[in-house]
Every structure is written in structure tokens, then in C-alpha cells.
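A.B. asks: My structure file my_file.cif, mmCIF, C-alpha atoms and all ligand atoms, is below:
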data_structure
loop_
_atom_site.group_PDB
_atom_site.id
_atom_site.type_symbol
_atom_site.label_atom_id
_atom_site.label_comp_id
_atom_site.auth_asym_id
_atom_site.auth_seq_id
_atom_site.Cartn_x
_atom_site.Cartn_y
_atom_site.Cartn_z
ATOM 1 C CA MET A 15 50.513 -5.204 240.943
ATOM 2 C CA ASN A 16 47.018 -6.531 240.134
ATOM 3 C CA THR A 17 45.969 -8.752 243.047
ATOM 4 C CA ALA A 18 42.308 -9.271 242.013
ATOM 5 C CA PRO A 19 41.387 -12.972 241.782
ATOM 6 C CA SER A 20 41.673 -14.131 238.178
ATOM 7 C CA SER A 21 39.450 -16.361 236.085
ATOM 8 C CA VAL A 22 41.686 -19.006 234.540
ATOM 9 C CA SER A 23 40.749 -20.765 231.296
ATOM 10 C CA ILE A 24 42.525 -23.513 229.377
ATOM 11 C CA VAL A 25 41.611 -23.906 225.695
ATOM 12 C CA THR A 26 42.872 -26.643 223.378
ATOM 13 C CA GLY A 27 43.227 -26.025 219.650
ATOM 14 C CA ALA A 28 43.387 -22.228 219.862
ATOM 15 C CA SER A 29 45.670 -21.646 216.879
ATOM 16 C CA ARG A 30 42.731 -21.067 214.501
ATOM 17 C CA GLY A 31 39.022 -21.586 213.981
ATOM 18 C CA LEU A 32 36.633 -21.783 216.910
ATOM 19 C CA GLY A 33 39.357 -22.273 219.547
ATOM 20 C CA PHE A 34 41.177 -19.109 218.469
ATOM 21 C CA ALA A 35 37.971 -17.061 218.745
ATOM 22 C CA ILE A 36 37.118 -18.568 222.153
ATOM 23 C CA ALA A 37 40.599 -17.788 223.509
ATOM 24 C CA GLN A 38 40.479 -14.279 222.019
ATOM 25 C CA GLN A 39 37.132 -13.523 223.680
ATOM 26 C CA LEU A 40 38.262 -14.942 227.036
ATOM 27 C CA LEU A 41 41.411 -12.792 226.920
ATOM 28 C CA ALA A 42 39.292 -9.742 226.086
ATOM 29 C CA ARG A 43 37.274 -10.495 229.228
ATOM 30 C CA GLY A 44 40.517 -10.388 231.231
ATOM 31 C CA HIS A 45 40.890 -14.130 231.794
ATOM 32 C CA ARG A 46 44.267 -15.717 232.280
ATOM 33 C CA VAL A 47 44.401 -18.145 229.331
ATOM 34 C CA LEU A 48 46.551 -21.197 228.615
ATOM 35 C CA THR A 49 46.291 -22.682 225.116
ATOM 36 C CA LEU A 50 47.501 -26.082 223.789
ATOM 37 C CA GLN A 51 48.034 -26.815 220.063
ATOM 38 C CA ARG A 52 50.860 -27.803 217.735
ATOM 39 C CA SER A 53 51.393 -24.322 216.284
ATOM 40 C CA PRO A 54 50.622 -21.452 218.672
ATOM 41 C CA ASN A 55 49.248 -18.373 216.919
ATOM 42 C CA PRO A 56 51.168 -15.198 217.830
ATOM 43 C CA ALA A 57 48.105 -13.105 216.846
ATOM 44 C CA LEU A 58 46.374 -14.206 220.053
ATOM 45 C CA ALA A 59 48.816 -12.074 222.012
ATOM 46 C CA ASP A 60 47.119 -8.980 220.530
ATOM 47 C CA SER A 61 43.762 -9.834 222.090
ATOM 48 C CA GLY A 62 44.336 -7.508 225.053
ATOM 49 C CA GLY A 63 43.123 -7.874 228.597
ATOM 50 C CA GLY A 64 44.216 -11.139 230.165
ATOM 51 C CA ARG A 65 47.516 -12.921 230.486
ATOM 52 C CA LEU A 66 48.292 -15.495 227.770
ATOM 53 C CA GLU A 67 50.482 -18.591 227.796
ATOM 54 C CA GLN A 68 50.633 -20.846 224.713
ATOM 55 C CA TRP A 69 52.020 -24.379 224.697
ATOM 56 C CA SER A 70 53.146 -26.090 221.552
ATOM 57 C CA CYS A 71 52.156 -29.748 221.895
ATOM 58 C CA ASP A 72 50.787 -32.597 219.830
ATOM 59 C CA LEU A 73 47.562 -33.835 221.422
ATOM 60 C CA ALA A 74 47.826 -37.050 219.415
ATOM 61 C CA ALA A 75 50.321 -37.969 222.168
ATOM 62 C CA PRO A 76 48.366 -36.554 225.117
ATOM 63 C CA ALA A 77 50.014 -38.235 228.134
ATOM 64 C CA GLU A 78 52.808 -35.690 228.504
ATOM 65 C CA PRO A 79 50.592 -32.596 227.915
ATOM 66 C CA ALA A 80 48.154 -34.014 230.517
ATOM 67 C CA ARG A 81 50.967 -34.423 233.069
ATOM 68 C CA ALA A 82 52.152 -30.886 232.354
ATOM 69 C CA LEU A 83 48.595 -29.560 232.686
ATOM 70 C CA HIS A 84 48.228 -31.278 236.058
ATOM 71 C CA ASP A 85 51.368 -29.574 237.351
ATOM 72 C CA TRP A 86 50.356 -26.201 235.878
ATOM 73 C CA VAL A 87 46.935 -26.322 237.553
ATOM 74 C CA ALA A 88 48.399 -27.534 240.870
ATOM 75 C CA ALA A 89 50.824 -24.590 240.814
ATOM 76 C CA LEU A 90 47.868 -22.159 240.729
ATOM 77 C CA ALA A 91 47.240 -22.834 244.445
ATOM 78 C CA GLY A 92 47.710 -19.642 246.445
ATOM 79 C CA THR A 93 47.885 -17.406 243.362
ATOM 80 C CA GLY A 94 44.420 -15.871 243.718
ATOM 81 C CA VAL A 95 42.344 -17.888 241.279
ATOM 82 C CA ALA A 96 38.611 -17.119 241.179
ATOM 83 C CA SER A 97 37.500 -19.884 238.793
ATOM 84 C CA LEU A 98 38.935 -22.563 236.544
ATOM 85 C CA THR A 99 37.624 -23.638 233.145
ATOM 86 C CA LEU A 100 38.850 -26.266 230.662
ATOM 87 C CA VAL A 101 37.601 -26.070 227.067
ATOM 88 C CA ASN A 102 38.396 -29.255 225.124
ATOM 89 C CA ASN A 103 38.102 -27.851 221.605
ATOM 90 C CA ALA A 104 40.897 -29.432 219.517
ATOM 91 C CA ALA A 105 39.836 -32.133 217.070
ATOM 92 C CA GLY A 106 40.596 -33.245 213.564
ATOM 93 C CA LEU A 107 38.938 -35.192 210.784
ATOM 94 C CA ALA A 108 40.321 -38.385 209.335
ATOM 95 C CA ARG A 109 39.940 -38.717 205.550
ATOM 96 C CA LEU A 110 36.237 -38.558 204.728
ATOM 97 C CA ALA A 111 35.507 -42.047 203.397
ATOM 98 C CA PRO A 112 34.097 -45.392 204.595
ATOM 99 C CA LEU A 113 35.942 -46.761 207.630
ATOM 100 C CA GLY A 114 37.425 -49.714 205.787
ATOM 101 C CA GLU A 115 39.132 -47.398 203.309
ATOM 102 C CA ILE A 116 40.997 -45.207 205.797
ATOM 103 C CA ASP A 117 44.605 -45.582 206.791
ATOM 104 C CA ALA A 118 45.011 -46.824 210.404
ATOM 105 C CA ASP A 119 47.372 -43.982 211.379
ATOM 106 C CA ASP A 120 44.851 -41.419 210.145
ATOM 107 C CA LEU A 121 42.101 -43.051 212.232
ATOM 108 C CA ALA A 122 44.282 -43.294 215.334
ATOM 109 C CA GLN A 123 45.278 -39.615 215.053
ATOM 110 C CA ALA A 124 41.645 -38.435 214.956
ATOM 111 C CA LEU A 125 40.723 -40.704 217.873
ATOM 112 C CA ARG A 126 43.643 -39.584 220.016
ATOM 113 C CA VAL A 127 43.257 -35.833 219.444
ATOM 114 C CA GLY A 128 39.456 -35.841 219.619
ATOM 115 C CA LEU A 129 38.796 -38.290 222.467
ATOM 116 C CA GLU A 130 41.912 -39.608 224.232
ATOM 117 C CA ALA A 131 43.311 -36.095 224.778
ATOM 118 C CA PRO A 132 40.096 -34.630 226.283
ATOM 119 C CA LEU A 133 39.809 -37.641 228.625
ATOM 120 C CA LEU A 134 43.383 -37.341 229.860
ATOM 121 C CA LEU A 135 43.315 -33.542 230.112
ATOM 122 C CA THR A 136 39.978 -33.583 231.949
ATOM 123 C CA SER A 137 41.271 -36.191 234.387
ATOM 124 C CA ALA A 138 44.404 -34.111 235.116
ATOM 125 C CA PHE A 139 42.323 -30.908 235.394
ATOM 126 C CA LEU A 140 39.887 -32.487 237.870
ATOM 127 C CA ARG A 141 42.625 -34.099 239.963
ATOM 128 C CA ALA A 142 44.801 -31.008 240.295
ATOM 129 C CA GLY A 143 41.939 -28.507 240.415
ATOM 130 C CA ALA A 144 40.010 -30.102 243.297
ATOM 131 C CA ALA A 145 42.503 -28.737 245.841
ATOM 132 C CA LEU A 146 41.903 -25.149 244.734
ATOM 133 C CA GLN A 147 38.353 -25.007 246.115
ATOM 134 C CA VAL A 148 37.098 -22.693 243.339
ATOM 135 C CA PRO A 149 34.236 -23.167 240.841
ATOM 136 C CA ARG A 150 35.401 -25.438 238.002
ATOM 137 C CA LYS A 151 33.839 -26.075 234.594
ATOM 138 C CA VAL A 152 34.699 -28.425 231.744
ATOM 139 C CA LEU A 153 33.285 -27.650 228.312
ATOM 140 C CA ASN A 154 33.736 -30.309 225.662
ATOM 141 C CA ILE A 155 33.193 -29.120 222.100
ATOM 142 C CA SER A 156 31.073 -31.859 220.579
ATOM 143 C CA SER A 157 29.130 -31.918 217.323
ATOM 144 C CA GLY A 158 25.718 -32.750 215.967
ATOM 145 C CA LEU A 159 27.553 -35.732 214.444
ATOM 146 C CA GLY A 160 27.987 -37.190 217.933
ATOM 147 C CA ARG A 161 24.218 -37.542 217.942
ATOM 148 C CA ARG A 162 23.408 -38.125 214.253
ATOM 149 C CA ALA A 163 25.397 -40.754 212.361
ATOM 150 C CA MET A 164 26.878 -39.781 208.999
ATOM 151 C CA ALA A 165 28.452 -42.140 206.469
ATOM 152 C CA GLY A 166 32.063 -41.347 205.673
ATOM 153 C CA SER A 167 32.908 -39.983 209.119
ATOM 154 C CA ALA A 168 32.675 -42.976 211.468
ATOM 155 C CA VAL A 169 35.687 -42.013 213.568
ATOM 156 C CA TYR A 170 34.510 -38.394 214.000
ATOM 157 C CA CYS A 171 31.011 -39.624 214.965
ATOM 158 C CA ALA A 172 32.581 -42.034 217.467
ATOM 159 C CA VAL A 173 34.832 -39.314 218.925
ATOM 160 C CA LYS A 174 31.951 -36.905 219.500
ATOM 161 C CA ALA A 175 29.546 -39.572 220.819
ATOM 162 C CA GLY A 176 32.366 -40.627 223.152
ATOM 163 C CA LEU A 177 32.807 -37.038 224.375
ATOM 164 C CA ASP A 178 29.074 -36.783 225.048
ATOM 165 C CA HIS A 179 28.950 -39.999 227.037
ATOM 166 C CA MET A 180 32.154 -39.240 228.925
ATOM 167 C CA SER A 181 30.542 -35.930 229.932
ATOM 168 C CA ARG A 182 27.406 -37.689 231.197
ATOM 169 C CA ALA A 183 29.505 -40.046 233.324
ATOM 170 C CA VAL A 184 31.777 -37.309 234.721
ATOM 171 C CA ALA A 185 28.701 -35.190 235.565
ATOM 172 C CA LEU A 186 27.422 -38.083 237.721
ATOM 173 C CA GLU A 187 30.817 -38.466 239.411
ATOM 174 C CA GLU A 188 31.277 -34.785 240.130
ATOM 175 C CA ALA A 189 27.727 -34.414 241.476
ATOM 176 C CA GLN A 190 28.769 -36.719 244.321
ATOM 177 C CA ARG A 191 31.750 -34.572 245.339
ATOM 178 C CA PRO A 192 31.704 -31.460 247.506
ATOM 179 C CA ASN A 193 32.425 -28.528 245.179
ATOM 180 C CA GLY A 194 32.383 -30.902 242.206
ATOM 181 C CA ALA A 195 33.128 -29.589 238.734
ATOM 182 C CA ARG A 196 30.334 -28.953 236.236
ATOM 183 C CA ILE A 197 30.627 -30.374 232.727
ATOM 184 C CA VAL A 198 28.848 -29.888 229.401
ATOM 185 C CA SER A 199 29.379 -31.427 225.968
ATOM 186 C CA LEU A 200 28.215 -28.762 223.527
ATOM 187 C CA ALA A 201 27.480 -28.906 219.802
ATOM 188 C CA PRO A 202 28.668 -25.500 218.522
ATOM 189 C CA GLY A 203 26.693 -25.266 215.245
ATOM 190 C CA VAL A 204 28.319 -25.141 211.806
ATOM 191 C CA ILE A 205 31.270 -22.774 211.586
ATOM 192 C CA ASP A 206 33.312 -21.310 208.748
ATOM 193 C CA THR A 207 36.695 -22.883 209.627
ATOM 194 C CA ASP A 208 39.371 -25.113 208.064
ATOM 195 C CA MET A 209 37.359 -28.153 209.179
ATOM 196 C CA GLN A 210 34.487 -27.094 206.899
ATOM 197 C CA VAL A 211 36.976 -26.625 204.041
ATOM 198 C CA GLN A 212 38.026 -30.274 204.509
ATOM 199 C CA LEU A 213 34.384 -31.410 204.473
ATOM 200 C CA ARG A 214 33.477 -29.609 201.250
ATOM 201 C CA ASP A 215 36.793 -30.498 199.569
ATOM 202 C CA ALA A 216 36.196 -34.215 200.203
ATOM 203 C CA ASP A 217 35.657 -36.624 197.302
ATOM 204 C CA PRO A 218 31.870 -36.979 196.724
ATOM 205 C CA ALA A 219 32.486 -40.444 195.274
ATOM 206 C CA VAL A 220 33.324 -41.743 198.785
ATOM 207 C CA PHE A 221 31.665 -39.029 200.898
ATOM 208 C CA ALA A 222 28.116 -38.435 199.680
ATOM 209 C CA GLU A 223 27.448 -35.609 202.158
ATOM 210 C CA GLN A 224 30.140 -33.449 200.514
ATOM 211 C CA ARG A 225 27.301 -31.725 198.625
ATOM 212 C CA LEU A 226 25.545 -30.807 201.873
ATOM 213 C CA PHE A 227 28.708 -29.139 203.203
ATOM 214 C CA ALA A 228 29.279 -27.323 199.896
ATOM 215 C CA SER A 229 25.728 -25.952 200.066
ATOM 216 C CA LEU A 230 26.110 -24.823 203.697
ATOM 217 C CA LYS A 231 28.908 -22.536 202.500
ATOM 218 C CA SER A 232 27.302 -21.380 199.237
ATOM 219 C CA GLU A 233 24.022 -20.584 201.016
ATOM 220 C CA GLY A 234 25.801 -18.577 203.720
ATOM 221 C CA ARG A 235 24.656 -20.886 206.519
ATOM 222 C CA LEU A 236 27.966 -21.084 208.398
ATOM 223 C CA ASP A 237 28.574 -19.075 211.568
ATOM 224 C CA SER A 238 31.739 -17.018 211.714
ATOM 225 C CA PRO A 239 34.187 -18.314 214.361
ATOM 226 C CA ASP A 240 33.543 -15.117 216.365
ATOM 227 C CA ALA A 241 29.777 -15.610 216.354
ATOM 228 C CA ALA A 242 30.122 -19.291 217.279
ATOM 229 C CA ALA A 243 32.557 -18.474 220.101
ATOM 230 C CA ALA A 244 30.111 -15.928 221.519
ATOM 231 C CA LYS A 245 27.432 -18.659 221.607
ATOM 232 C CA VAL A 246 29.851 -21.062 223.306
ATOM 233 C CA LEU A 247 30.762 -18.484 225.954
ATOM 234 C CA ALA A 248 27.065 -17.720 226.519
ATOM 235 C CA CYS A 249 26.642 -21.407 227.383
ATOM 236 C CA LEU A 250 29.582 -21.237 229.810
ATOM 237 C CA ASP A 251 28.025 -18.157 231.454
ATOM 238 C CA ARG A 252 24.647 -19.769 232.094
ATOM 239 C CA ALA A 253 23.713 -20.063 235.765
ATOM 240 C CA ASP A 254 22.427 -23.591 235.058
ATOM 241 C CA PHE A 255 25.625 -24.683 233.247
ATOM 242 C CA GLY A 256 26.031 -28.437 233.766
ATOM 243 C CA THR A 257 22.444 -29.149 234.826
ATOM 244 C CA ASP A 258 22.142 -30.983 231.516
ATOM 245 C CA PRO A 259 25.571 -32.306 230.429
ATOM 246 C CA ILE A 260 24.510 -32.378 226.765
ATOM 247 C CA GLY A 261 23.925 -29.109 224.931
ATOM 248 C CA ASP A 262 23.571 -27.554 221.490
ATOM 249 C CA VAL A 263 23.941 -23.820 220.772
ATOM 250 C CA ARG A 264 21.013 -24.147 218.336
ATOM 251 C CA THR A 265 18.486 -25.166 221.002
HETATM 252 N N1 LIG B 301 33.682 -26.192 212.056
HETATM 253 C C1 LIG B 301 32.488 -26.748 212.281
HETATM 254 O O1 LIG B 301 31.515 -26.584 211.517
HETATM 255 C C2 LIG B 301 32.294 -27.604 213.512
HETATM 256 C C3 LIG B 301 31.023 -28.182 213.702
HETATM 257 C C4 LIG B 301 30.811 -28.960 214.836
HETATM 258 C C5 LIG B 301 31.832 -29.134 215.744
HETATM 259 N N2 LIG B 301 33.066 -28.557 215.523
HETATM 260 C C6 LIG B 301 34.108 -28.779 216.517
HETATM 261 O O2 LIG B 301 34.655 -27.520 216.902
HETATM 262 C C7 LIG B 301 36.016 -27.709 217.325
HETATM 263 C C8 LIG B 301 36.906 -26.727 216.601
HETATM 264 O O3 LIG B 301 36.837 -27.023 215.217
HETATM 265 P P1 LIG B 301 37.307 -25.981 214.098
HETATM 266 O O4 LIG B 301 36.268 -26.048 213.061
HETATM 267 O O5 LIG B 301 37.682 -24.699 214.718
HETATM 268 O O6 LIG B 301 38.587 -26.762 213.548
HETATM 269 P P2 LIG B 301 39.959 -26.231 212.906
HETATM 270 O O7 LIG B 301 39.788 -24.875 212.331
HETATM 271 O O8 LIG B 301 40.409 -27.338 212.024
HETATM 272 O O9 LIG B 301 40.934 -26.102 214.176
HETATM 273 C C9 LIG B 301 41.324 -27.245 214.875
HETATM 274 C C10 LIG B 301 42.206 -26.861 216.054
HETATM 275 O O10 LIG B 301 42.616 -28.088 216.681
HETATM 276 C C11 LIG B 301 44.015 -28.100 216.809
HETATM 277 N N3 LIG B 301 44.589 -29.437 216.630
HETATM 278 C C12 LIG B 301 44.361 -30.289 215.605
HETATM 279 N N4 LIG B 301 45.162 -31.361 215.727
HETATM 280 C C13 LIG B 301 45.904 -31.175 216.841
HETATM 281 C C14 LIG B 301 46.918 -31.917 217.475
HETATM 282 N N5 LIG B 301 47.369 -33.091 216.984
HETATM 283 N N6 LIG B 301 47.465 -31.437 218.623
HETATM 284 C C15 LIG B 301 47.056 -30.249 219.123
HETATM 285 N N7 LIG B 301 46.088 -29.500 218.571
HETATM 286 C C16 LIG B 301 45.526 -29.953 217.433
HETATM 287 C C17 LIG B 301 44.526 -27.191 215.685
HETATM 288 O O11 LIG B 301 45.788 -26.623 216.061
HETATM 289 P P3 LIG B 301 47.207 -27.052 215.377
HETATM 290 O O12 LIG B 301 46.928 -27.424 213.963
HETATM 291 O O13 LIG B 301 48.056 -25.828 215.565
HETATM 292 O O14 LIG B 301 47.683 -28.208 216.198
HETATM 293 C C18 LIG B 301 43.449 -26.117 215.624
HETATM 294 O O15 LIG B 301 43.747 -25.077 216.531
HETATM 295 C C19 LIG B 301 36.341 -29.180 217.040
HETATM 296 O O16 LIG B 301 36.150 -29.936 218.220
HETATM 297 C C20 LIG B 301 35.293 -29.565 216.014
HETATM 298 O O17 LIG B 301 35.057 -30.951 216.010
HETATM 299 C C21 LIG B 301 33.309 -27.802 214.425
#
As C-alpha cells, how would this structure be written, given the file I've shared?

C.D. replies:
Amino acid sequence: MNTAPSSVSIVTGASRGLGFAIAQQLLARGHRVLTLQRSPNPALADSGGGRLEQWSCDLAAPAEPARALHDWVAALAGTGVASLTLVNNAAGLARLAPLGEIDADDLAQALRVGLEAPLLLTSAFLRAGAALQVPRKVLNISSGLGRRAMAGSAVYCAVKAGLDHMSRAVALEEAQRPNGARIVSLAPGVIDTDMQVQLRDADPAVFAEQRLFASLKSEGRLDSPDAAAAKVLACLDRADFGTDPIGDVRT
């Protein structure tokens, strides 16, 4: 039996895109990985190395997944955990159009998955993880659009600005605790995923920046999910992780 202390990572939205590549690379490093998404991807099981557990859950209704995460983290006590990391990656876009033209359910879904879920999951992670007395990190996947406003994506801009500011506040709180967690809200660059497909398939009549996203793809300026995940993990590995709670892989 392997009794070496394990690095434990939790990744939301690991069924595809950036989250899949992050989970894959953590597993290859030998981490124990828990993923949360609606449709777990069986291909992750082939990533080798670490132990994988995948939960099927809808983060638009995050209260129950947060309770379950609390209990899962609390149950790690005494199991030989070396470190604990939460990566809040899952997010979705509402229809790309002016705010007044978007269906309320569509807006609420994007807000819940992108901001309410990370808040509730981070709270549960911090509460249950404090007792373990191991290094803890929270990495929120933000976006340049949390820092630069863009017409046609008000809810996404609000979600990512909210993640950034939540990270600043939690960093202040955790700095006051013995063995407090470290937290960063990181813009991951532009990545060739389904989210980019949605952006360039949007209607330019209501989303003027559609042309920008189409050109990012045609000019080959998107990172592959693997390359972007490697940049995200390099941020997690930095000795000064959390010194500045706001980061961008491009700087
Ligand atoms: N792609 C880019 O250029 C870019 C740029 C800046 C920031 N980002 C950020 O990077 C992160 C990953 O984006 P991506 O491009 O990889 O997106 P993606 O390919 O669309 O993947 C989104 C992930 O989120 C999960 N998800 C969506 N709704 C969910 C729900 N209701 N409950 C649970 N999980 C849900 C999806 O899983 P299920 O569908 O199985 O639930 C999927 O695994 C996001 O935070 C995004 O905002 C991306």
C-alpha cells in the first residue's frame, strides 16, 4: 500500500476545455483529484498517476455540492494529506447580447455557476480544510474580462470581477489566520475551447466583438488547453503564490 502523503486537488468543470487539461496534468503528477461537473469525462481516468474521483453535479445549484465538498474534505483528516488545492474553473456564458435582451434564467445560470458556486465551494473548502493543518491554495480561474469591460457580456464581466474581488477579500481574511490558505484569481489567456466557439458563433448584430474572437482563431492566437493548463499549474507552483491575489498568465 502507498502510504506517502498525497497532494489533493479539487477541480470544477473538468469534463472538457481548460479544466480537463488541468485535471489531467494534476493526475499525471500523481495528485489525488476530485472533479465536479454535470457530465464527468471517462477519458480522464486514462491520465495515469493519481487517484481520480468524479462527481456529476450541477453547479447552478451549488448548495448541495458545497455541503458534499465540506464533508469530503473533512473526511481527509488522518489519511495522509500533504496539501490541498481547490481550482474553481467551471463557468459558462449567457447569450452574448446586451443585458436587457437576455433571458433571466440564462443570466441567473451564468451568475450561479461562475460566482455563487466558487463562493460556496471556497467557503466549504476553507471551513473543512482548516482542521487538516496542511498548506492550502485556492485558484479562481478569472478572465481579462473581469478587468476590461466588454459590451454584450455584462454578466460574464460581473462574474469575473466578482471572483477577483472575492479573492482579494479572502486573501486579507486568510492572512490573519495561522496557516491561512493562499488564494489567487488568475486570467488564463485565450484558449481554444467550447467557450471560444460560443464567442465566435455569436450574432455580430448584437455582439460587436464577435469579429475579434473570430480573428483570434483564424490568426492562430489561441492557446491549446494543454498549454494553458501548464501555465495555470506554473502559477500554482510559484513560491510566492498568493502574494498578489490577482494574476494573469500573460504577465
Ligand atoms: N476559453 C477561453 O478563452 C477563456 C478565457 C478566459 C477565461 N476562461 C475561463 O476558463 C475557465 C474554463 O473555460 P473553458 O474555456 O475551458 O470552458 P468550456 O470548455 O466551456 O468548459 C466549461 C466547463 O465548465 C463546466 N460547467 C459548465 N456549466 C456547469 C454547471 N452548470 N455545473 C457544473 N459544471 C459546469 C463544464 O462541464 P459540464 O458541461 O459537464 O457541466 C465544463 O467542464 C472558465 O472559468 C472560463 O471563464 C476561458

A.B. asks: So which residues are near ligand LIG 301 (chain B), meaning at most 6 Å away with only C-alpha atoms and all ligand atoms counted, given back as number ranges by chain?

C.D. replies: A: 27-33, 51-54, 71-74, 103-106, 127, 155-157, 201-210

A.B. asks: Just want the 10 Å neighbourhood of range 211-213 of chain A, counted on only C-alpha atoms, with same-chain residues fewer than 5 positions away dropped. Output as a PyMOL selection string.

C.D. replies: chain A and resi 106-110+167+206+218+221+223-228+231

A.B. asks: Wanna dump the range 141-212 of chain A-range 17-21 of chain A contacts at 12 Å for me, each residue with its shortest atom pair and the distance in Å to one decimal, counting all atoms listed in the file, ordered by chain and number, as a tab-separated table?

C.D. replies:
residue	atom	partner	partner_atom	distance
A:Val148	CA	A:Ser21	CA	9.9
A:Pro149	CA	A:Ser21	CA	9.8
A:Arg150	CA	A:Ser21	CA	10.1
A:Lys151	CA	A:Ser21	CA	11.3

A.B. asks: Please work out which residues fall within 10 Å of (24.7, -28.5, 222.0), coordinates as given in the file, with only C-alpha atoms counting, and return them as a list in words.

C.D. replies: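 The distance filter leaves exactly Asn154, Ile155, Ser156, Ser157, Gly158, Arg161, Asp178, Val198, Ser199, Leu200, Ala201, Pro202, Gly203, Val246, Cys249, Pro259, Ile260, Gly261, Asp262, Val263, Arg264 and Thr265 of chain A.
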
A.B. asks: In terms of the shortest atom-to-atom distance over only C-alpha atoms, which of A:Ile197, A:Val25, A:Met164, A:Pro112 is closest to His179 in chain A?

C.D. replies: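 Once distances to His179 in chain A are computed over only C-alpha atoms, the minimum belongs to A:Ile197.
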
A.B. asks: Just the number, please: distance in Å from CA of Pro76 in chain A to CA of Ala216 in chain A, one decimal.

C.D. replies: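 For CA of Pro76 in chain A relative to CA of Ala216 in chain A, the distance reads 27.8 Å.
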
A.B. asks: Applying the PyMOL selection byres (((chain A and resi 128) around 8) and not hetatm) to the file I just gave you, which residues come out? Please list them as a tab-separated table (two decimals) with C-alpha atoms, keeping the file's coordinate frame.

C.D. replies:
chain	number	residue	atom	x	y	z
A	104	ALA	CA	40.90	-29.43	219.52
A	105	ALA	CA	39.84	-32.13	217.07
A	106	GLY	CA	40.60	-33.24	213.56
A	124	ALA	CA	41.64	-38.44	214.96
A	125	LEU	CA	40.72	-40.70	217.87
A	126	ARG	CA	43.64	-39.58	220.02
A	127	VAL	CA	43.26	-35.83	219.44
A	129	LEU	CA	38.80	-38.29	222.47
A	130	GLU	CA	41.91	-39.61	224.23
A	131	ALA	CA	43.31	-36.10	224.78
A	132	PRO	CA	40.10	-34.63	226.28
A	170	TYR	CA	34.51	-38.39	214.00
A	173	VAL	CA	34.83	-39.31	218.92
A	174	LYS	CA	31.95	-36.90	219.50

A.B. asks: Specify the axis-aligned box that encloses all atoms of range 185-189 of chain A listed in the file after padding of 5 Å on each side, stating its centre and edge lengths in Å to one decimal as AutoDock Vina command-line options.

C.D. replies:
--center_x 29.3 --center_y -36.4 --center_z 238.5 --size_x 13.9 --size_y 14.1 --size_z 15.9

A.B. asks: Dump as a ChimeraX atom specification all residues having an atom at most 9 Å from (35.5, -28.2, 232.4), computed in the file's coordinates with all atoms listed in the file.

C.D. replies: /A:24,98-102,136,139-140,150-154,195-198

A.B. asks: Could those selected residues go to a file with C-alpha atoms, as a short mmCIF file (atom, residue, chain, number, x, y, z; two decimals), keeping the file's coordinate frame?

C.D. replies:
data_model
loop_
_atom_site.label_atom_id
_atom_site.label_comp_id
_atom_site.auth_asym_id
_atom_site.auth_seq_id
_atom_site.Cartn_x
_atom_site.Cartn_y
_atom_site.Cartn_z
CA ILE A 24 42.52 -23.51 229.38
CA LEU A 98 38.94 -22.56 236.54
CA THR A 99 37.62 -23.64 233.14
CA LEU A 100 38.85 -26.27 230.66
CA VAL A 101 37.60 -26.07 227.07
CA ASN A 102 38.40 -29.26 225.12
CA THR A 136 39.98 -33.58 231.95
CA PHE A 139 42.32 -30.91 235.39
CA LEU A 140 39.89 -32.49 237.87
CA ARG A 150 35.40 -25.44 238.00
CA LYS A 151 33.84 -26.08 234.59
CA VAL A 152 34.70 -28.42 231.74
CA LEU A 153 33.28 -27.65 228.31
CA ASN A 154 33.74 -30.31 225.66
CA ALA A 195 33.13 -29.59 238.73
CA ARG A 196 30.33 -28.95 236.24
CA ILE A 197 30.63 -30.37 232.73
CA VAL A 198 28.85 -29.89 229.40
#
